>>> print(open('work-v5.csv').read())   # CSV, C-alpha atoms and all ligand atoms
chain,number,residue,atom,x,y,z
A,1,MET,CA,-64.4,44.6,-74.3
A,2,LYS,CA,-63.3,46.6,-71.3
A,3,PHE,CA,-61.3,44.7,-68.7
A,4,TYR,CA,-60.6,46.5,-65.4
A,5,TYR,CA,-57.1,46.0,-64.1
A,6,ASP,CA,-54.5,46.7,-61.4
A,7,PHE,CA,-51.1,45.5,-62.5
A,8,HIS,CA,-49.0,46.5,-59.5
A,9,ILE,CA,-49.8,44.7,-56.3
A,10,HIS,CA,-47.4,43.6,-53.6
A,11,THR,CA,-47.9,40.6,-51.3
A,12,CYS,CA,-46.7,39.6,-47.9
A,13,LEU,CA,-43.5,38.6,-49.5
A,14,SER,CA,-42.5,42.3,-50.0
A,15,PRO,CA,-41.1,43.4,-46.6
A,16,CYS,CA,-42.8,46.8,-47.0
A,17,ALA,CA,-46.2,45.3,-47.6
A,18,ASP,CA,-48.7,44.3,-44.9
A,19,ASP,CA,-48.5,40.7,-43.6
A,20,ASP,CA,-52.2,40.3,-44.5
A,21,MET,CA,-51.5,40.8,-48.2
A,22,THR,CA,-52.0,37.0,-48.5
A,23,PRO,CA,-53.3,35.1,-51.5
A,24,CYS,CA,-56.9,34.7,-50.4
A,25,ASN,CA,-57.1,38.2,-49.1
A,26,ILE,CA,-55.8,39.8,-52.3
A,27,VAL,CA,-57.9,37.8,-54.7
A,28,GLY,CA,-60.9,38.2,-52.5
A,29,MET,CA,-60.5,42.0,-52.3
A,30,ALA,CA,-59.8,42.2,-56.1
A,31,LYS,CA,-63.0,40.3,-56.8
A,32,LEU,CA,-64.9,42.5,-54.3
A,33,VAL,CA,-63.9,45.7,-56.0
A,34,GLY,CA,-64.7,44.2,-59.4
A,35,LEU,CA,-61.3,43.9,-61.0
A,36,ASP,CA,-61.1,41.5,-64.0
A,37,VAL,CA,-57.3,41.1,-64.0
A,38,ILE,CA,-54.5,41.8,-61.5
A,39,ALA,CA,-50.7,41.4,-61.6
A,40,ILE,CA,-48.7,40.4,-58.6
A,41,THR,CA,-45.5,42.4,-58.5
A,42,ASP,CA,-43.3,41.8,-55.4
A,43,HIS,CA,-39.9,43.4,-55.3
A,44,ASN,CA,-37.5,41.4,-57.4
A,45,SER,CA,-39.4,38.1,-56.9
A,46,CYS,CA,-42.3,36.0,-58.3
A,47,LEU,CA,-42.2,33.6,-55.4
A,48,ASN,CA,-45.8,34.2,-54.3
A,49,CYS,CA,-47.4,34.4,-57.8
A,50,ARG,CA,-48.2,30.7,-58.1
A,51,ALA,CA,-50.1,30.6,-54.8
A,52,ILE,CA,-52.1,33.7,-55.7
A,53,MET,CA,-53.1,32.2,-59.1
A,54,GLU,CA,-54.3,29.1,-57.4
A,55,ALA,CA,-56.2,31.1,-54.7
A,56,SER,CA,-58.0,33.0,-57.5
A,57,LYS,CA,-59.0,29.8,-59.3
A,58,GLU,CA,-60.6,28.6,-56.0
A,59,ILE,CA,-63.0,31.5,-55.8
A,60,ASP,CA,-63.4,32.1,-59.6
A,61,GLY,CA,-61.6,35.4,-59.0
A,62,PRO,CA,-59.8,37.7,-61.4
A,63,LEU,CA,-57.2,36.6,-63.9
A,64,VAL,CA,-53.8,36.8,-62.1
A,65,ILE,CA,-50.7,37.7,-64.1
A,66,ALA,CA,-47.4,36.7,-62.6
A,67,GLY,CA,-45.1,39.6,-62.5
A,68,MET,CA,-42.4,41.4,-60.4
A,69,GLU,CA,-41.2,44.9,-59.6
A,70,LEU,CA,-37.6,44.8,-60.6
A,71,GLU,CA,-35.2,47.3,-59.1
A,72,THR,CA,-32.5,48.0,-61.7
A,73,SER,CA,-28.8,48.7,-61.0
A,74,GLU,CA,-29.8,52.4,-61.2
A,75,ASN,CA,-32.5,51.9,-58.4
A,76,VAL,CA,-35.2,52.4,-61.0
A,77,HIS,CA,-38.4,50.4,-60.4
A,78,MET,CA,-39.8,48.5,-63.4
A,79,VAL,CA,-43.0,46.4,-63.7
A,80,MET,CA,-42.4,43.1,-65.5
A,81,LEU,CA,-45.3,40.9,-66.5
A,82,PHE,CA,-44.9,37.3,-67.7
A,83,PRO,CA,-47.2,35.1,-69.8
A,84,ASP,CA,-47.2,32.1,-67.4
A,85,ILE,CA,-45.9,31.1,-64.0
A,86,ASP,CA,-43.1,28.8,-65.2
A,87,ARG,CA,-41.4,31.5,-67.2
A,88,ALA,CA,-42.1,34.0,-64.4
A,89,GLU,CA,-40.4,31.8,-61.8
A,90,ALA,CA,-37.4,31.2,-64.1
A,91,ALA,CA,-37.0,35.0,-64.6
A,92,SER,CA,-37.3,35.4,-60.8
A,93,GLU,CA,-34.6,32.9,-60.2
A,94,GLU,CA,-32.3,34.6,-62.6
A,95,ILE,CA,-32.9,38.0,-61.0
A,96,PHE,CA,-32.5,36.6,-57.5
A,97,LYS,CA,-28.9,35.5,-58.2
A,98,THR,CA,-28.0,39.1,-59.2
A,99,LEU,CA,-29.4,40.8,-56.1
A,100,PHE,CA,-27.1,42.6,-53.8
A,101,LYS,CA,-26.9,40.0,-51.0
A,102,ILE,CA,-27.9,41.3,-47.6
A,103,LYS,CA,-29.9,39.5,-44.9
A,104,ASN,CA,-33.4,40.8,-44.1
A,105,ARG,CA,-33.9,42.5,-40.8
A,106,PRO,CA,-37.6,42.0,-40.2
A,107,ASP,CA,-37.5,44.4,-37.3
A,108,ILE,CA,-36.4,47.2,-39.7
A,109,TYR,CA,-37.7,46.2,-43.2
A,110,GLY,CA,-40.6,43.9,-42.4
A,111,ASN,CA,-41.4,40.2,-42.9
A,112,GLN,CA,-40.9,38.4,-46.2
A,113,ILE,CA,-43.6,35.7,-46.0
A,114,ILE,CA,-43.8,33.0,-48.6
A,115,ALA,CA,-47.5,31.9,-48.7
A,116,ASN,CA,-49.5,28.9,-49.7
A,117,SER,CA,-52.7,29.3,-51.7
A,118,ASP,CA,-54.8,28.8,-48.5
A,119,ASP,CA,-52.9,31.6,-46.7
A,120,THR,CA,-50.8,29.3,-44.5
A,121,GLU,CA,-47.2,30.2,-44.3
A,122,ARG,CA,-44.7,28.2,-46.4
A,123,GLY,CA,-41.7,29.9,-45.1
A,124,ARG,CA,-39.8,33.2,-44.8
A,125,LEU,CA,-37.2,34.6,-47.2
A,126,ASP,CA,-34.0,35.5,-45.4
A,127,GLN,CA,-32.3,37.4,-48.2
A,128,LEU,CA,-33.6,41.0,-48.4
A,129,LEU,CA,-35.6,41.7,-51.6
A,130,VAL,CA,-35.7,45.5,-51.5
A,131,VAL,CA,-32.2,46.0,-53.0
A,132,SER,CA,-31.0,46.7,-56.5
A,133,SER,CA,-30.3,43.9,-59.1
A,134,GLU,CA,-27.5,43.9,-61.5
A,135,LEU,CA,-29.8,44.4,-64.4
A,136,GLY,CA,-29.7,47.9,-65.9
A,137,VAL,CA,-32.6,50.0,-67.3
A,138,TYR,CA,-31.3,49.5,-70.9
A,139,ASP,CA,-31.4,45.7,-70.5
A,140,ALA,CA,-34.8,45.3,-68.8
A,141,VAL,CA,-36.9,45.0,-72.0
A,142,ALA,CA,-34.7,42.3,-73.5
A,143,PHE,CA,-34.6,40.4,-70.2
A,144,ALA,CA,-38.4,40.4,-69.9
A,145,GLU,CA,-38.8,39.4,-73.6
A,146,LYS,CA,-36.4,36.4,-73.1
A,147,TYR,CA,-39.2,35.0,-70.8
A,148,GLY,CA,-42.1,36.1,-73.1
A,149,GLY,CA,-42.8,39.1,-71.0
A,150,VAL,CA,-42.9,42.9,-71.0
A,151,ALA,CA,-41.1,45.5,-68.9
A,152,TYR,CA,-42.0,49.2,-68.4
A,153,PRO,CA,-41.0,51.8,-65.9
A,154,ALA,CA,-43.1,51.9,-62.7
A,155,HIS,CA,-44.7,55.0,-61.1
A,156,ILE,CA,-42.7,57.4,-63.3
A,157,ASP,CA,-44.3,60.4,-61.5
A,158,ARG,CA,-42.8,59.5,-58.2
A,159,PRO,CA,-39.4,60.9,-57.1
A,160,SER,CA,-38.4,57.7,-55.2
A,161,ASN,CA,-37.4,54.9,-57.6
A,162,GLY,CA,-39.2,56.5,-60.5
A,163,ILE,CA,-37.2,56.7,-63.7
A,164,LEU,CA,-37.7,60.4,-64.2
A,165,GLY,CA,-36.6,61.3,-60.7
A,166,ILE,CA,-33.4,59.2,-61.0
A,167,LEU,CA,-32.4,59.5,-64.7
A,168,GLY,CA,-34.2,62.7,-65.6
A,169,SER,CA,-35.9,61.4,-68.8
A,170,ILE,CA,-36.8,58.3,-70.8
A,171,ASP,CA,-34.5,57.5,-73.7
A,172,GLU,CA,-35.9,55.9,-76.9
A,173,ASP,CA,-33.2,53.3,-76.8
A,174,MET,CA,-34.6,51.9,-73.5
A,175,GLY,CA,-37.3,50.4,-75.8
A,176,PHE,CA,-40.3,51.1,-73.6
A,177,SER,CA,-43.8,51.3,-75.3
A,178,THR,CA,-45.6,51.8,-72.0
A,179,VAL,CA,-45.1,53.8,-68.8
A,180,GLU,CA,-46.8,53.4,-65.5
A,181,PHE,CA,-48.3,56.2,-63.4
A,182,SER,CA,-49.3,56.1,-59.8
A,183,ALA,CA,-52.9,56.9,-58.8
A,184,THR,CA,-52.0,60.4,-57.8
A,185,ALA,CA,-50.1,61.4,-61.0
A,186,PRO,CA,-50.9,64.8,-62.4
A,187,ASP,CA,-53.0,64.7,-65.6
A,188,GLU,CA,-50.5,67.0,-67.5
A,189,LEU,CA,-47.7,64.5,-67.1
A,190,LYS,CA,-50.0,61.7,-68.4
A,191,LYS,CA,-51.0,63.8,-71.3
A,192,GLU,CA,-47.4,64.6,-72.2
A,193,TYR,CA,-46.5,60.9,-72.3
A,194,LYS,CA,-49.6,60.0,-74.2
A,195,SER,CA,-48.8,62.7,-76.8
A,196,ARG,CA,-45.3,61.2,-77.1
A,197,GLY,CA,-46.9,57.9,-78.1
A,198,TYR,CA,-46.6,55.9,-75.0
A,199,ASN,CA,-49.2,53.6,-73.6
A,200,ILE,CA,-50.3,54.7,-70.3
A,201,VAL,CA,-50.9,52.3,-67.4
A,202,SER,CA,-52.2,53.4,-64.0
A,203,ASP,CA,-51.8,51.1,-61.1
A,204,SER,CA,-52.3,51.2,-57.3
A,205,ASP,CA,-48.8,49.9,-56.2
A,206,SER,CA,-50.8,48.4,-53.3
A,207,HIS,CA,-49.0,47.4,-50.2
A,208,ASN,CA,-52.2,47.0,-48.2
A,209,LEU,CA,-55.6,45.6,-48.8
A,210,GLY,CA,-57.4,48.9,-48.7
A,211,SER,CA,-55.5,50.5,-51.6
A,212,LEU,CA,-56.2,48.2,-54.6
A,213,SER,CA,-57.5,50.1,-57.6
A,214,ASP,CA,-61.3,50.4,-58.0
A,215,ARG,CA,-62.9,49.7,-61.3
A,216,ILE,CA,-61.3,52.8,-62.9
A,217,ASN,CA,-58.5,51.7,-65.3
A,218,TYR,CA,-59.2,49.3,-68.1
A,219,LEU,CA,-57.7,47.8,-71.2
A,220,GLU,CA,-59.8,47.2,-74.4
A,221,LEU,CA,-59.2,43.6,-75.5
A,222,ASP,CA,-61.1,41.0,-77.6
A,223,ARG,CA,-60.4,38.4,-74.9
A,224,LEU,CA,-58.7,38.3,-71.6
A,225,SER,CA,-55.5,36.3,-71.1
A,226,ALA,CA,-52.0,37.1,-69.9
A,227,GLU,CA,-50.7,36.8,-73.4
A,228,ASP,CA,-53.3,39.3,-74.7
A,229,VAL,CA,-52.5,41.8,-71.9
A,230,ILE,CA,-48.8,41.6,-72.6
A,231,LYS,CA,-49.4,42.1,-76.3
A,232,ALA,CA,-51.5,45.2,-75.6
A,233,ILE,CA,-48.9,46.6,-73.4
A,234,LYS,CA,-46.2,46.0,-76.0
A,235,PHE,CA,-48.3,47.8,-78.6
A,236,ILE,CA,-45.9,49.5,-81.0
A,237,ARG,CA,-45.7,53.2,-80.2
A,238,SER,CA,-45.5,54.2,-83.9
A,239,LYS,CA,-48.9,52.6,-84.6
A,240,GLN,CA,-50.7,54.8,-82.0
B,1,ZN,ZN,-41.8,50.9,-56.7
B,2,ZN,ZN,-44.4,48.6,-56.0
>>> encode(input="work-v5.csv", output="structure tokens", more="lines below")
Ligand SMILES: [Zn+2]
Ligand SMILES: [Zn+2]
Amino acid sequence: MKFYYDFHIHTCLSPCADDDMTPCNIVGMAKLVGLDVIAITDHNSCLNCRAIMEASKEIDGPLVIAGMELETSENVHMVMLFPDIDRAEAASEEIFKTLFKIKNRPDIYGNQIIANSDDTERGRLDQLLVVSSELGVYDAVAFAEKYGGVAYPAHIDRPSNGILGILGSIDEDMGFSTVEFSATAPDELKKEYKSRGYNIVSDSDSHNLGSLSDRINYLELDRLSAEDVIKAIKFIRSKQ
């Protein structure tokens, strides 16, 4: 079966995302555009994932996968997806301890709102999330797997925080089976990575409600669960 996805969505916790990227708004919009599964990927944190999963259950919305967009020590962005909220929060806690510690300046970077599932505010995070962690690119896959998850480089076609723009290439030893492209990535680049045996994932990297993916990108799965999605993304390259 085809399941339409968008695995890269920021919430009001990411300072660079709109404040109305709240749990009810995100799952409501995802349902409206017909997505079957979404992943929540705030910068270096899974703090809003639980509320969004609960909000989606309330409206019989899409499956929500708990994830984060890690910034490595090299400033490379990576999408991480986890099989359940408990392991996602544990991973998030570990990453949080390794973040470069600097106080958020909402007037410069934006608000970091921790939300409840009914869109009320639970609090605001003082420590800035848009900084690099101590985790390096070569350690990201093993870190995600420790929590049952998967890691792959985000928006590799983009110069800012994309792995190609920063490191120049993707090394086999990094252990990635999948790479993510942004919605505007050139077809030639996608073709190149496909021919090299990578799974291709295309996401919106939404920071506002209007930019969630339409029903365009899909995964073929027998059934839909976070575990099945992670398994599909980990698909061994040599078998393709
Ligand atoms: Zn990014
Ligand atoms: Zn992002």
>>> closest_residue(input="work-v5.csv", among="A:Pro153, A:Gly28, A:Gly148, A:Gly110", to="ligand ZN 1 (chain B)", atoms="only C-alpha atoms and all ligand atoms")
A:Pro153
>>> closest_residue(input="work-v5.csv", among="A:Lys194, A:His155, A:Lys101, A:Lys231", to="ligand ZN 2 (chain B)", atoms="all atoms listed in the file")
A:His155
>>> closest_atom_pairs(input="work-v5.csv", of="chain A", to="ligand ZN 1 (chain B)", cutoff="12 Å", atoms="all atoms listed in the file", output="JSON lines")
{"residue": "A:His8", "atom": "CA", "partner": "B:ZN1", "partner_atom": "ZN", "distance": 8.9}
{"residue": "A:Ile9", "atom": "CA", "partner": "B:ZN1", "partner_atom": "ZN", "distance": 10.1}
{"residue": "A:His10", "atom": "CA", "partner": "B:ZN1", "partner_atom": "ZN", "distance": 9.7}
{"residue": "A:Ser14", "atom": "CA", "partner": "B:ZN1", "partner_atom": "ZN", "distance": 10.9}
{"residue": "A:Cys16", "atom": "CA", "partner": "B:ZN1", "partner_atom": "ZN", "distance": 10.6}
{"residue": "A:Ala17", "atom": "CA", "partner": "B:ZN1", "partner_atom": "ZN", "distance": 11.6}
{"residue": "A:Thr41", "atom": "CA", "partner": "B:ZN1", "partner_atom": "ZN", "distance": 9.4}
{"residue": "A:Asp42", "atom": "CA", "partner": "B:ZN1", "partner_atom": "ZN", "distance": 9.3}
{"residue": "A:His43", "atom": "CA", "partner": "B:ZN1", "partner_atom": "ZN", "distance": 7.9}
{"residue": "A:Asn44", "atom": "CA", "partner": "B:ZN1", "partner_atom": "ZN", "distance": 10.5}
{"residue": "A:Met68", "atom": "CA", "partner": "B:ZN1", "partner_atom": "ZN", "distance": 10.2}
{"residue": "A:Glu69", "atom": "CA", "partner": "B:ZN1", "partner_atom": "ZN", "distance": 6.7}
{"residue": "A:Leu70", "atom": "CA", "partner": "B:ZN1", "partner_atom": "ZN", "distance": 8.4}
{"residue": "A:Glu71", "atom": "CA", "partner": "B:ZN1", "partner_atom": "ZN", "distance": 7.9}
{"residue": "A:Thr72", "atom": "CA", "partner": "B:ZN1", "partner_atom": "ZN", "distance": 10.9}
{"residue": "A:Asn75", "atom": "CA", "partner": "B:ZN1", "partner_atom": "ZN", "distance": 9.5}
{"residue": "A:Val76", "atom": "CA", "partner": "B:ZN1", "partner_atom": "ZN", "distance": 8.0}
{"residue": "A:His77", "atom": "CA", "partner": "B:ZN1", "partner_atom": "ZN", "distance": 5.0}
{"residue": "A:Met78", "atom": "CA", "partner": "B:ZN1", "partner_atom": "ZN", "distance": 7.4}
{"residue": "A:Val79", "atom": "CA", "partner": "B:ZN1", "partner_atom": "ZN", "distance": 8.4}
{"residue": "A:Met80", "atom": "CA", "partner": "B:ZN1", "partner_atom": "ZN", "distance": 11.8}
{"residue": "A:Val130", "atom": "CA", "partner": "B:ZN1", "partner_atom": "ZN", "distance": 9.7}
{"residue": "A:Val131", "atom": "CA", "partner": "B:ZN1", "partner_atom": "ZN", "distance": 11.4}
{"residue": "A:Ser132", "atom": "CA", "partner": "B:ZN1", "partner_atom": "ZN", "distance": 11.6}
{"residue": "A:Tyr152", "atom": "CA", "partner": "B:ZN1", "partner_atom": "ZN", "distance": 11.8}
{"residue": "A:Pro153", "atom": "CA", "partner": "B:ZN1", "partner_atom": "ZN", "distance": 9.3}
{"residue": "A:Ala154", "atom": "CA", "partner": "B:ZN1", "partner_atom": "ZN", "distance": 6.2}
{"residue": "A:His155", "atom": "CA", "partner": "B:ZN1", "partner_atom": "ZN", "distance": 6.7}
{"residue": "A:Ile156", "atom": "CA", "partner": "B:ZN1", "partner_atom": "ZN", "distance": 9.3}
{"residue": "A:Asp157", "atom": "CA", "partner": "B:ZN1", "partner_atom": "ZN", "distance": 10.9}
{"residue": "A:Arg158", "atom": "CA", "partner": "B:ZN1", "partner_atom": "ZN", "distance": 8.8}
{"residue": "A:Pro159", "atom": "CA", "partner": "B:ZN1", "partner_atom": "ZN", "distance": 10.3}
{"residue": "A:Ser160", "atom": "CA", "partner": "B:ZN1", "partner_atom": "ZN", "distance": 7.7}
{"residue": "A:Asn161", "atom": "CA", "partner": "B:ZN1", "partner_atom": "ZN", "distance": 6.0}
{"residue": "A:Gly162", "atom": "CA", "partner": "B:ZN1", "partner_atom": "ZN", "distance": 7.2}
{"residue": "A:Ile163", "atom": "CA", "partner": "B:ZN1", "partner_atom": "ZN", "distance": 10.2}
{"residue": "A:Glu180", "atom": "CA", "partner": "B:ZN1", "partner_atom": "ZN", "distance": 10.4}
{"residue": "A:Phe181", "atom": "CA", "partner": "B:ZN1", "partner_atom": "ZN", "distance": 10.7}
{"residue": "A:Ser182", "atom": "CA", "partner": "B:ZN1", "partner_atom": "ZN", "distance": 9.6}
{"residue": "A:Asp203", "atom": "CA", "partner": "B:ZN1", "partner_atom": "ZN", "distance": 10.9}
{"residue": "A:Ser204", "atom": "CA", "partner": "B:ZN1", "partner_atom": "ZN", "distance": 10.5}
{"residue": "A:Asp205", "atom": "CA", "partner": "B:ZN1", "partner_atom": "ZN", "distance": 7.1}
{"residue": "A:Ser206", "atom": "CA", "partner": "B:ZN1", "partner_atom": "ZN", "distance": 9.9}
{"residue": "A:His207", "atom": "CA", "partner": "B:ZN1", "partner_atom": "ZN", "distance": 10.3}
>>> residues_around(input="work-v5.csv", residues="region 140-145 of chain A", least_positions_apart="6", cutoff="8 Å", atoms="all atoms listed in the file", output="PyMOL selection string")
chain A and resi 72+80-82+91+151-152+174-176
>>> write_last_selection(input="work-v5.csv", atoms="C-alpha atoms", output="CSV table (one decimal), in the frame of the given file")
chain,number,residue,atom,x,y,z
A,72,THR,CA,-32.5,48.0,-61.7
A,80,MET,CA,-42.4,43.1,-65.5
A,81,LEU,CA,-45.3,40.9,-66.5
A,82,PHE,CA,-44.9,37.3,-67.7
A,91,ALA,CA,-37.0,35.0,-64.6
A,151,ALA,CA,-41.1,45.5,-68.9
A,152,TYR,CA,-42.0,49.2,-68.4
A,174,MET,CA,-34.6,51.9,-73.5
A,175,GLY,CA,-37.3,50.4,-75.8
A,176,PHE,CA,-40.3,51.1,-73.6
>>> atom_distance(input="work-v5.csv", atom1="CA of Ala90 (chain A)", atom2="CA of Ala66 (chain A)")
11.5 Å
>>> residues_around(input="work-v5.csv", residues="region 47-63 of chain A", least_positions_apart="4", cutoff="6 Å", atoms="all atoms listed in the file", output="PyMOL selection string")
chain A and resi 23-24+27+31+36-37+116-117
>>> atom_distance(input="work-v5.csv", atom1="CA of Gly149 (chain A)", atom2="CA of Val201 (chain A)")
15.9 Å
>>> atom_distance(input="work-v5.csv", atom1="CA of Asp171 (chain A)", atom2="CA of Asp84 (chain A)")
29.1 Å
>>> residues_around(input="work-v5.csv", residues="Asp18 (chain A)", least_positions_apart="4", cutoff="12 Å", atoms="all atoms listed in the file", output="PDB file with C-alpha atoms, in the frame of the given file")
ATOM      1  CA  ILE A   9     -49.800  44.700 -56.300  1.00  0.00           C
ATOM      2  CA  HIS A  10     -47.400  43.600 -53.600  1.00  0.00           C
ATOM      3  CA  THR A  11     -47.900  40.600 -51.300  1.00  0.00           C
ATOM      4  CA  CYS A  12     -46.700  39.600 -47.900  1.00  0.00           C
ATOM      5  CA  LEU A  13     -43.500  38.600 -49.500  1.00  0.00           C
ATOM      6  CA  SER A  14     -42.500  42.300 -50.000  1.00  0.00           C
ATOM      7  CA  THR A  22     -52.000  37.000 -48.500  1.00  0.00           C
ATOM      8  CA  ASN A  25     -57.100  38.200 -49.100  1.00  0.00           C
ATOM      9  CA  ILE A  26     -55.800  39.800 -52.300  1.00  0.00           C
ATOM     10  CA  TYR A 109     -37.700  46.200 -43.200  1.00  0.00           C
ATOM     11  CA  GLY A 110     -40.600  43.900 -42.400  1.00  0.00           C
ATOM     12  CA  ASN A 111     -41.400  40.200 -42.900  1.00  0.00           C
ATOM     13  CA  GLN A 112     -40.900  38.400 -46.200  1.00  0.00           C
ATOM     14  CA  ILE A 113     -43.600  35.700 -46.000  1.00  0.00           C
ATOM     15  CA  SER A 206     -50.800  48.400 -53.300  1.00  0.00           C
ATOM     16  CA  HIS A 207     -49.000  47.400 -50.200  1.00  0.00           C
ATOM     17  CA  ASN A 208     -52.200  47.000 -48.200  1.00  0.00           C
ATOM     18  CA  LEU A 209     -55.600  45.600 -48.800  1.00  0.00           C
ATOM     19  CA  GLY A 210     -57.400  48.900 -48.700  1.00  0.00           C
ATOM     20  CA  SER A 211     -55.500  50.500 -51.600  1.00  0.00           C
TER      21      SER A 211
END
>>> decode(input="work-v5.csv", residues="region 114-185 of chain A", atoms="C-alpha atoms", output="PDB file, in the first residue's frame")
ATOM      1  CA  ILE A 114       6.649  23.732  24.655  1.00  0.00           C
ATOM      2  CA  ALA A 115       3.023  22.875  23.899  1.00  0.00           C
ATOM      3  CA  ASN A 116       0.306  20.721  25.396  1.00  0.00           C
ATOM      4  CA  SER A 117      -1.796  18.533  23.107  1.00  0.00           C
ATOM      5  CA  ASP A 118      -4.662  21.071  23.271  1.00  0.00           C
ATOM      6  CA  ASP A 119      -2.346  23.843  22.003  1.00  0.00           C
ATOM      7  CA  THR A 120      -2.026  25.550  25.379  1.00  0.00           C
ATOM      8  CA  GLU A 121       1.480  26.535  26.375  1.00  0.00           C
ATOM      9  CA  ARG A 122       3.348  24.289  28.834  1.00  0.00           C
ATOM     10  CA  GLY A 123       6.401  26.493  28.992  1.00  0.00           C
ATOM     11  CA  ARG A 124       9.264  27.989  27.053  1.00  0.00           C
ATOM     12  CA  LEU A 125      12.710  26.534  26.649  1.00  0.00           C
ATOM     13  CA  ASP A 126      15.450  28.935  27.720  1.00  0.00           C
ATOM     14  CA  GLN A 127      18.433  27.142  26.219  1.00  0.00           C
ATOM     15  CA  LEU A 128      18.830  27.774  22.490  1.00  0.00           C
ATOM     16  CA  LEU A 129      18.166  24.701  20.341  1.00  0.00           C
ATOM     17  CA  VAL A 130      19.653  25.881  17.050  1.00  0.00           C
ATOM     18  CA  VAL A 131      23.255  25.074  17.926  1.00  0.00           C
ATOM     19  CA  SER A 132      25.489  22.128  17.188  1.00  0.00           C
ATOM     20  CA  SER A 133      25.651  19.037  19.378  1.00  0.00           C
ATOM     21  CA  GLU A 134      28.798  17.114  20.220  1.00  0.00           C
ATOM     22  CA  LEU A 135      27.701  14.179  18.086  1.00  0.00           C
ATOM     23  CA  GLY A 136      29.626  13.825  14.831  1.00  0.00           C
ATOM     24  CA  VAL A 137      28.307  12.690  11.437  1.00  0.00           C
ATOM     25  CA  TYR A 138      30.094   9.346  11.734  1.00  0.00           C
ATOM     26  CA  ASP A 139      28.401   8.615  15.082  1.00  0.00           C
ATOM     27  CA  ALA A 140      24.835   9.582  14.156  1.00  0.00           C
ATOM     28  CA  VAL A 141      23.628   6.228  12.822  1.00  0.00           C
ATOM     29  CA  ALA A 142      24.921   4.299  15.836  1.00  0.00           C
ATOM     30  CA  PHE A 143      23.363   6.866  18.175  1.00  0.00           C
ATOM     31  CA  ALA A 144      19.934   6.560  16.530  1.00  0.00           C
ATOM     32  CA  GLU A 145      20.150   2.761  16.469  1.00  0.00           C
ATOM     33  CA  LYS A 146      20.878   2.711  20.203  1.00  0.00           C
ATOM     34  CA  TYR A 147      17.325   4.038  20.591  1.00  0.00           C
ATOM     35  CA  GLY A 148      15.831   1.763  17.907  1.00  0.00           C
ATOM     36  CA  GLY A 149      15.808   4.588  15.364  1.00  0.00           C
ATOM     37  CA  VAL A 150      17.322   5.640  12.087  1.00  0.00           C
ATOM     38  CA  ALA A 151      19.411   8.658  11.040  1.00  0.00           C
ATOM     39  CA  TYR A 152      19.996  10.108   7.600  1.00  0.00           C
ATOM     40  CA  PRO A 153      21.344  13.407   6.269  1.00  0.00           C
ATOM     41  CA  ALA A 154      18.713  16.137   5.827  1.00  0.00           C
ATOM     42  CA  HIS A 155      18.170  18.346   2.742  1.00  0.00           C
ATOM     43  CA  ILE A 156      21.453  17.277   1.154  1.00  0.00           C
ATOM     44  CA  ASP A 157      20.787  19.574  -1.821  1.00  0.00           C
ATOM     45  CA  ARG A 158      20.858  22.696   0.364  1.00  0.00           C
ATOM     46  CA  PRO A 159      24.105  24.606   0.916  1.00  0.00           C
ATOM     47  CA  SER A 160      23.221  25.617   4.474  1.00  0.00           C
ATOM     48  CA  ASN A 161      23.553  22.698   6.902  1.00  0.00           C
ATOM     49  CA  GLY A 162      23.395  20.122   4.107  1.00  0.00           C
ATOM     50  CA  ILE A 163      26.058  17.428   4.230  1.00  0.00           C
ATOM     51  CA  LEU A 164      27.283  17.999   0.658  1.00  0.00           C
ATOM     52  CA  GLY A 165      27.671  21.747   1.170  1.00  0.00           C
ATOM     53  CA  ILE A 166      29.665  21.233   4.365  1.00  0.00           C
ATOM     54  CA  LEU A 167      31.639  18.018   3.866  1.00  0.00           C
ATOM     55  CA  GLY A 168      31.590  17.799   0.058  1.00  0.00           C
ATOM     56  CA  SER A 169      30.458  14.180  -0.191  1.00  0.00           C
ATOM     57  CA  ILE A 170      28.857  11.265   1.616  1.00  0.00           C
ATOM     58  CA  ASP A 171      31.296   8.649   2.794  1.00  0.00           C
ATOM     59  CA  GLU A 172      30.262   4.957   2.836  1.00  0.00           C
ATOM     60  CA  ASP A 173      31.603   4.687   6.388  1.00  0.00           C
ATOM     61  CA  MET A 174      28.948   7.101   7.643  1.00  0.00           C
ATOM     62  CA  GLY A 175      26.538   4.177   7.277  1.00  0.00           C
ATOM     63  CA  PHE A 176      23.577   5.951   5.665  1.00  0.00           C
ATOM     64  CA  SER A 177      21.108   3.973   3.563  1.00  0.00           C
ATOM     65  CA  THR A 178      18.836   6.966   2.938  1.00  0.00           C
ATOM     66  CA  VAL A 179      19.303  10.627   2.046  1.00  0.00           C
ATOM     67  CA  GLU A 180      16.738  13.409   2.249  1.00  0.00           C
ATOM     68  CA  PHE A 181      16.076  16.012  -0.447  1.00  0.00           C
ATOM     69  CA  SER A 182      14.161  19.231  -0.071  1.00  0.00           C
ATOM     70  CA  ALA A 183      11.102  19.879  -2.212  1.00  0.00           C
ATOM     71  CA  THR A 184      13.094  21.972  -4.696  1.00  0.00           C
ATOM     72  CA  ALA A 185      15.997  19.553  -5.196  1.00  0.00           C
TER      73      ALA A 185
END
